[in-house]
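Asker: Got a structure here, written out as structure tokens. Questions coming.
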Amino acid sequence: MHKWVIDDNGNSFVHSTLDDGYDFFITDKWNVKLHFKISTFMVPSGLASEAIEVIDDPVFHEPRVYMILSNFGSDIEEAENQLKEKLKKGINKKYLEYSDECYSIKGNKIKGRFMGEYFEVDGLKLSPEEFLQTCRCYEGWGFSLKFHDLSE
């Protein structure tokens, strides 16, 4: 379960969007209905708005996470609308395609999250071996690797 631990001058609290957020349902362009929990809460730099996917299969899937940061005094409804736009854009983009019993990169770009022991791409958990297998078609090519904060 995804939790936020916020430390502010020695005071800390725990926030869980999965526990405290409200239900938000959205259908992607492939007509798949997705369930997210959304919550906006204070962090030391302002407001954080976060959407976490609610999944049924944690063995093969990893919840997708979207977030934005806003300034203190920002309108919560406006922040959550920006978050929902980011979420809509994210769920309507697929980086992997499945054929011949394996995944491959759909174009020449892949985005996801590095989770330590595995990678999340398109809401799927990929082992390091599976992740490298998706890149096989680009063997010998140059590549770029960029890490960025989820709120970007």
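Labels used: A, B, ... for chains in the order of the structure tokens, numbers from 1 for residues in each chain, and numbers from 1 for ligands as shown.
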From the DSSP assignment of the backbone, select every residue of segment 90-133 of chain A that is strand (DSSP E or B), and format the answer as a VMD selection string.
Answerer: chain A and resid 96 to 99 102 to 105 113 to 114 119 to 121 124 to 126
Asker: Let's have the selection written as a PDB file, in the first residue's frame, with C-alpha atoms.
Answerer:
```pdb
ATOM      1  CA  LEU A  96       4.036  -2.073 -24.779  1.00  0.00           C
ATOM      2  CA  GLU A  97       2.376  -4.482 -27.144  1.00  0.00           C
ATOM      3  CA  TYR A  98       1.916  -8.189 -26.565  1.00  0.00           C
ATOM      4  CA  SER A  99       2.534 -10.797 -29.249  1.00  0.00           C
ATOM      5  CA  CYS A 102       6.051 -11.613 -24.846  1.00  0.00           C
ATOM      6  CA  TYR A 103       5.953  -7.822 -24.602  1.00  0.00           C
ATOM      7  CA  SER A 104       7.803  -5.470 -26.916  1.00  0.00           C
ATOM      8  CA  ILE A 105       8.062  -1.703 -27.141  1.00  0.00           C
ATOM      9  CA  ARG A 113       8.631   3.499 -12.926  1.00  0.00           C
ATOM     10  CA  PHE A 114      11.623   1.717 -11.475  1.00  0.00           C
ATOM     11  CA  PHE A 119       9.713  -2.097 -13.402  1.00  0.00           C
ATOM     12  CA  GLU A 120       6.170  -0.801 -13.887  1.00  0.00           C
ATOM     13  CA  VAL A 121       5.165  -0.075 -17.486  1.00  0.00           C
ATOM     14  CA  LEU A 124       2.356  -4.205 -15.560  1.00  0.00           C
ATOM     15  CA  LYS A 125       5.117  -5.555 -13.330  1.00  0.00           C
ATOM     16  CA  LEU A 126       8.155  -6.476 -15.390  1.00  0.00           C
TER      17      LEU A 126
END
```
Asker: Using only C-alpha atoms, find each residue in segment 68-118 of chain A having at least one atom no more than 8 Å away from segment 47-50 of chain A; report its shortest atom-to-atom pair and that distance in Å (one decimal), rows by chain then rising number, as CSV.
Answerer:
```
residue,atom,partner,partner_atom,distance
A:Ile68,CA,A:Ser49,CA,5.4
A:Leu69,CA,A:Ala48,CA,4.6
A:Ser70,CA,A:Leu47,CA,5.0
A:Asn71,CA,A:Leu47,CA,6.1
A:Phe72,CA,A:Leu47,CA,6.1
A:Ser74,CA,A:Leu47,CA,7.5
A:Ala79,CA,A:Ser49,CA,6.8
A:Glu80,CA,A:Ser49,CA,6.3
A:Leu83,CA,A:Ser49,CA,6.8
```
Asker: Just give me the gap between atom CA of Tyr66 of chain A and atom CA of Asp122 of chain A in Å, one decimal is fine.
Answerer: 12.5 Å
